[in-house]
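Colleague: Here it is, the structure, as C-alpha coordinates.
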Amino acid sequence: MSRGAPQDQELVGPGAPGRWSRGAPPPSGPVVPVLVFPPDLVFRADQRSGPRQLLTLYNPTGAALRFRVLCTAPAKYRVFDAEGYVRAQSCIDIVIRHVAPIPSNYDVQDRFRIELSEEGAEGRVVGRKDISSVLRAPAYPLQLQAQQDSAPHPGPPAWTPPPAARHLQKNAPPQLATSSFFLFLLTGIVSVAFLLLPLQDELGSQLPQVLHVSLGQKLVAAYVLGLLTMVFLRA
(Lines give C-alpha, C1' and ligand atoms only; values in the text may rest on other atoms or scores of the structure.)
Protein backbone atom coordinates (compact mmCIF):
# COMPACT_ATOMS: atom_id res chain seq x y z
CA MET A 1 0.00 0.00 0.00
CA SER A 2 2.86 2.30 0.72
CA ARG A 3 4.88 3.73 -2.13
CA GLY A 4 7.60 5.15 0.03
CA ALA A 5 7.93 8.46 1.89
CA PRO A 6 10.55 11.22 1.89
CA GLN A 7 13.28 11.03 4.47
CA ASP A 8 12.43 14.42 5.99
CA GLN A 9 9.16 15.86 7.16
CA GLU A 10 8.22 19.52 6.93
CA LEU A 11 5.91 21.74 8.86
CA VAL A 12 2.39 21.78 7.41
CA GLY A 13 0.41 25.00 7.03
CA PRO A 14 1.37 28.60 7.90
CA GLY A 15 4.22 29.35 10.23
CA ALA A 16 7.99 29.12 10.34
CA PRO A 17 9.44 26.25 8.30
CA GLY A 18 10.65 23.22 10.17
CA ARG A 19 12.09 19.82 9.41
CA TRP A 20 12.86 16.67 11.26
CA SER A 21 14.78 13.60 10.27
CA ARG A 22 13.93 10.03 11.09
CA GLY A 23 17.39 9.65 12.55
CA ALA A 24 16.90 12.49 15.06
CA PRO A 25 17.79 11.52 18.64
CA PRO A 26 14.95 11.03 21.13
CA PRO A 27 14.20 13.87 23.55
CA SER A 28 16.27 13.91 26.73
CA GLY A 29 14.69 14.04 30.17
CA PRO A 30 11.13 13.01 31.04
CA VAL A 31 9.01 12.05 28.05
CA VAL A 32 5.41 13.28 27.87
CA PRO A 33 2.93 10.82 26.31
CA VAL A 34 1.44 12.25 23.12
CA LEU A 35 -2.26 11.36 23.20
CA VAL A 36 -4.07 11.81 19.88
CA PHE A 37 -7.32 10.54 18.42
CA PRO A 38 -7.74 8.94 15.96
CA PRO A 39 -4.44 7.01 15.98
CA ASP A 40 -4.39 6.89 12.15
CA LEU A 41 -5.84 9.20 9.51
CA VAL A 42 -7.94 7.73 6.68
CA PHE A 43 -9.23 10.19 4.08
CA ARG A 44 -12.01 9.32 1.62
CA ALA A 45 -11.86 10.82 -1.86
CA ASP A 46 -15.67 10.74 -2.13
CA GLN A 47 -16.43 12.88 0.95
CA ARG A 48 -18.94 15.53 -0.10
CA SER A 49 -17.21 18.30 1.87
CA GLY A 50 -13.77 17.22 0.67
CA PRO A 51 -11.44 14.68 2.28
CA ARG A 52 -10.66 15.92 5.76
CA GLN A 53 -10.12 14.57 9.27
CA LEU A 54 -10.27 15.98 12.79
CA LEU A 55 -7.27 15.17 14.98
CA THR A 56 -7.71 15.71 18.72
CA LEU A 57 -4.56 16.32 20.80
CA TYR A 58 -4.65 15.92 24.59
CA ASN A 59 -2.33 17.42 27.21
CA PRO A 60 -2.62 15.43 30.48
CA THR A 61 0.21 17.36 32.17
CA GLY A 62 -0.04 20.28 34.55
CA ALA A 63 1.73 22.76 32.26
CA ALA A 64 0.96 24.26 28.86
CA LEU A 65 2.84 22.65 25.96
CA ARG A 66 3.74 23.90 22.51
CA PHE A 67 2.84 21.60 19.59
CA ARG A 68 3.87 21.36 15.96
CA VAL A 69 2.39 19.26 13.14
CA LEU A 70 4.85 17.98 10.51
CA CYS A 71 4.32 15.75 7.49
CA THR A 72 6.24 13.81 4.85
CA ALA A 73 4.10 15.33 2.07
CA PRO A 74 3.16 18.90 3.10
CA ALA A 75 2.05 19.84 -0.45
CA LYS A 76 -0.83 17.32 -0.25
CA TYR A 77 -2.32 18.56 3.01
CA ARG A 78 -3.56 21.73 4.62
CA VAL A 79 -3.48 21.86 8.40
CA PHE A 80 -5.35 24.56 10.26
CA ASP A 81 -3.29 25.72 13.26
CA ALA A 82 -0.23 23.60 12.53
CA GLU A 83 1.55 25.28 15.46
CA GLY A 84 0.25 26.50 18.76
CA TYR A 85 -0.21 25.75 22.43
CA VAL A 86 -2.42 23.29 24.24
CA ARG A 87 -3.32 24.23 27.78
CA ALA A 88 -2.64 22.09 30.83
CA GLN A 89 -5.03 19.14 31.26
CA SER A 90 -6.92 20.19 28.15
CA CYS A 91 -7.29 19.24 24.49
CA ILE A 92 -7.32 20.92 21.09
CA ASP A 93 -8.83 19.94 17.74
CA ILE A 94 -6.67 20.12 14.61
CA VAL A 95 -8.44 20.07 11.23
CA ILE A 96 -6.44 18.37 8.45
CA ARG A 97 -7.63 18.56 4.84
CA HIS A 98 -6.30 16.56 1.89
CA VAL A 99 -5.95 19.02 -1.00
CA ALA A 100 -4.85 16.56 -3.71
CA PRO A 101 -7.52 13.81 -3.90
CA ILE A 102 -6.41 12.51 -7.32
CA PRO A 103 -6.11 8.85 -8.41
CA SER A 104 -2.30 8.92 -8.32
CA ASN A 105 -2.47 9.60 -4.57
CA TYR A 106 -4.86 6.76 -3.75
CA ASP A 107 -3.47 4.27 -1.19
CA VAL A 108 -0.22 6.23 -0.84
CA GLN A 109 0.80 6.19 2.80
CA ASP A 110 2.10 9.46 4.24
CA ARG A 111 3.14 10.22 7.78
CA PHE A 112 2.44 13.01 10.21
CA ARG A 113 4.44 13.78 13.33
CA ILE A 114 3.14 15.58 16.41
CA GLU A 115 5.86 17.24 18.47
CA LEU A 116 5.34 18.57 21.98
CA SER A 117 7.84 20.94 23.52
CA GLU A 118 8.14 23.11 26.57
CA GLU A 119 6.54 26.54 26.45
CA GLY A 120 8.70 29.10 24.65
CA ALA A 121 10.35 29.48 21.24
CA GLU A 122 13.40 27.41 22.25
CA GLY A 123 11.54 24.90 24.40
CA ARG A 124 12.93 21.39 24.75
CA VAL A 125 11.04 18.66 22.86
CA VAL A 126 9.41 16.44 25.48
CA GLY A 127 7.27 14.17 23.31
CA ARG A 128 6.59 13.13 19.75
CA LYS A 129 4.27 10.70 17.97
CA ASP A 130 4.03 9.52 14.35
CA ILE A 131 0.64 9.05 12.68
CA SER A 132 0.10 7.32 9.35
CA SER A 133 -2.19 8.87 6.73
CA VAL A 134 -3.73 7.37 3.60
CA LEU A 135 -6.23 8.49 0.95
CA ARG A 136 -8.79 5.87 -0.05
CA ALA A 137 -10.40 5.71 -3.47
CA PRO A 138 -14.16 6.31 -3.69
CA ALA A 139 -16.45 3.34 -3.33
CA TYR A 140 -17.51 3.84 -6.97
CA PRO A 141 -16.40 6.31 -9.68
CA LEU A 142 -17.21 9.93 -8.96
CA GLN A 143 -18.58 10.40 -12.47
CA LEU A 144 -21.09 7.59 -11.94
CA GLN A 145 -22.00 9.06 -8.56
CA ALA A 146 -22.66 12.47 -10.15
CA GLN A 147 -24.84 10.91 -12.84
CA GLN A 148 -26.88 9.06 -10.24
CA ASP A 149 -27.29 12.18 -8.12
CA SER A 150 -28.44 14.27 -11.11
CA ALA A 151 -30.74 11.61 -12.61
CA PRO A 152 -34.46 12.23 -11.96
CA HIS A 153 -36.00 9.79 -9.50
CA PRO A 154 -39.56 8.71 -10.23
CA GLY A 155 -41.99 9.35 -7.38
CA PRO A 156 -45.68 9.11 -6.64
CA PRO A 157 -48.05 11.71 -8.09
CA ALA A 158 -48.42 14.93 -6.17
CA TRP A 159 -51.96 13.97 -5.07
CA THR A 160 -50.88 10.56 -3.74
CA PRO A 161 -50.20 10.58 0.04
CA PRO A 162 -47.03 8.78 1.22
CA PRO A 163 -47.46 5.30 2.69
CA ALA A 164 -47.80 4.96 6.45
CA ALA A 165 -44.67 2.84 6.69
CA ARG A 166 -42.60 5.53 4.98
CA HIS A 167 -44.01 8.13 7.37
CA LEU A 168 -42.98 6.07 10.40
CA GLN A 169 -39.55 5.43 8.93
CA LYS A 170 -38.95 9.18 8.52
CA ASN A 171 -40.14 10.04 12.01
CA ALA A 172 -38.38 7.28 13.96
CA PRO A 173 -34.70 8.32 13.55
CA PRO A 174 -35.06 11.88 14.98
CA GLN A 175 -36.55 10.50 18.23
CA LEU A 176 -33.70 7.99 18.57
CA ALA A 177 -31.12 10.66 17.68
CA THR A 178 -32.56 12.98 20.34
CA SER A 179 -32.33 10.40 23.12
CA SER A 180 -28.80 9.44 22.06
CA PHE A 181 -27.77 13.10 21.98
CA PHE A 182 -28.68 13.65 25.63
CA LEU A 183 -26.87 10.46 26.65
CA PHE A 184 -23.71 11.49 24.78
CA LEU A 185 -23.98 15.02 26.18
CA LEU A 186 -24.17 13.71 29.76
CA THR A 187 -21.19 11.44 29.16
CA GLY A 188 -19.22 14.35 27.72
CA ILE A 189 -20.00 16.55 30.74
CA VAL A 190 -18.77 13.83 33.11
CA SER A 191 -15.57 13.41 31.05
CA VAL A 192 -14.88 17.17 31.09
CA ALA A 193 -15.47 17.21 34.86
CA PHE A 194 -12.85 14.47 35.32
CA LEU A 195 -10.35 16.44 33.23
CA LEU A 196 -10.88 19.54 35.38
CA LEU A 197 -10.38 17.76 38.72
CA PRO A 198 -6.90 17.96 40.30
CA LEU A 199 -4.50 15.01 40.35
CA GLN A 200 -4.04 12.93 43.49
CA ASP A 201 -0.50 14.18 44.12
CA GLU A 202 -1.25 17.82 43.24
CA LEU A 203 -0.49 20.25 46.03
CA GLY A 204 -2.25 23.49 46.85
CA SER A 205 -5.71 22.34 45.74
CA GLN A 206 -8.64 23.56 47.84
CA LEU A 207 -10.82 20.58 46.88
CA PRO A 208 -11.13 17.63 49.29
CA GLN A 209 -8.91 14.60 48.67
CA VAL A 210 -11.89 12.49 47.62
CA LEU A 211 -12.29 14.70 44.53
CA HIS A 212 -8.66 14.17 43.43
CA VAL A 213 -8.32 11.71 40.53
CA SER A 214 -5.45 9.68 39.10
CA LEU A 215 -3.68 10.28 35.80
CA GLY A 216 -5.16 7.05 34.43
CA GLN A 217 -8.69 8.27 35.10
CA LYS A 218 -7.90 11.53 33.27
CA LEU A 219 -6.56 9.60 30.27
CA VAL A 220 -9.72 7.46 30.12
CA ALA A 221 -11.89 10.58 30.33
CA ALA A 222 -9.88 12.25 27.55
CA TYR A 223 -10.21 9.16 25.35
CA VAL A 224 -13.99 9.00 25.89
CA LEU A 225 -14.26 12.72 25.10
CA GLY A 226 -12.40 12.14 21.84
CA LEU A 227 -14.79 9.33 20.87
CA LEU A 228 -17.78 11.57 21.57
CA THR A 229 -16.23 14.32 19.45
CA MET A 230 -15.99 11.96 16.48
CA VAL A 231 -19.61 10.83 17.00
CA PHE A 232 -20.90 14.42 16.99
CA LEU A 233 -18.88 15.29 13.87
CA ARG A 234 -20.17 12.30 11.91
CA ALA A 235 -23.77 12.71 13.04
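All residue names refer to the C-alpha coordinates as shown: chains lettered A, B, ... in order, residues numbered from 1 in each chain, ligands numbered from 1 in order.
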Please provide as a list in words all residues within 10 Å of Leu227 of chain A, with the sequence filter that same-chain residues fewer than 2 positions apart are discarded (counting only C-alpha atoms).
Modeller: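 My reading of the contact set: Phe37, Pro38, Thr56, Phe184, Gly188, Ala221, Ala222, Tyr223, Val224, Leu225, Thr229, Met230, Val231 and Phe232 of chain A.
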Colleague: Would you mind telling me which residue in A:Val126, A:Ser90, A:Thr61, A:His98 lies nearest to Leu196 of chain A when using only C-alpha atoms?
Modeller: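 Distance minimum relative to Leu196 of chain A lands on A:Ser90.
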Colleague: Given only C-alpha atoms as the basis, pick out the residue of A:Val108, A:Pro103, A:Leu116, A:Leu186 nearest to Val86 of chain A.
Modeller: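 Ranked by minimum distance to Val86 of chain A, first place goes to A:Leu116.
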Colleague: Determine the nearest neighbour of Leu35 of chain A from the options A:Ala64, A:Leu183, A:Leu219, A:Val192, counting only C-alpha atoms.
Modeller: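 Among A:Ala64, A:Leu183, A:Leu219, A:Val192, it is A:Leu219 that comes nearest to Leu35 of chain A.
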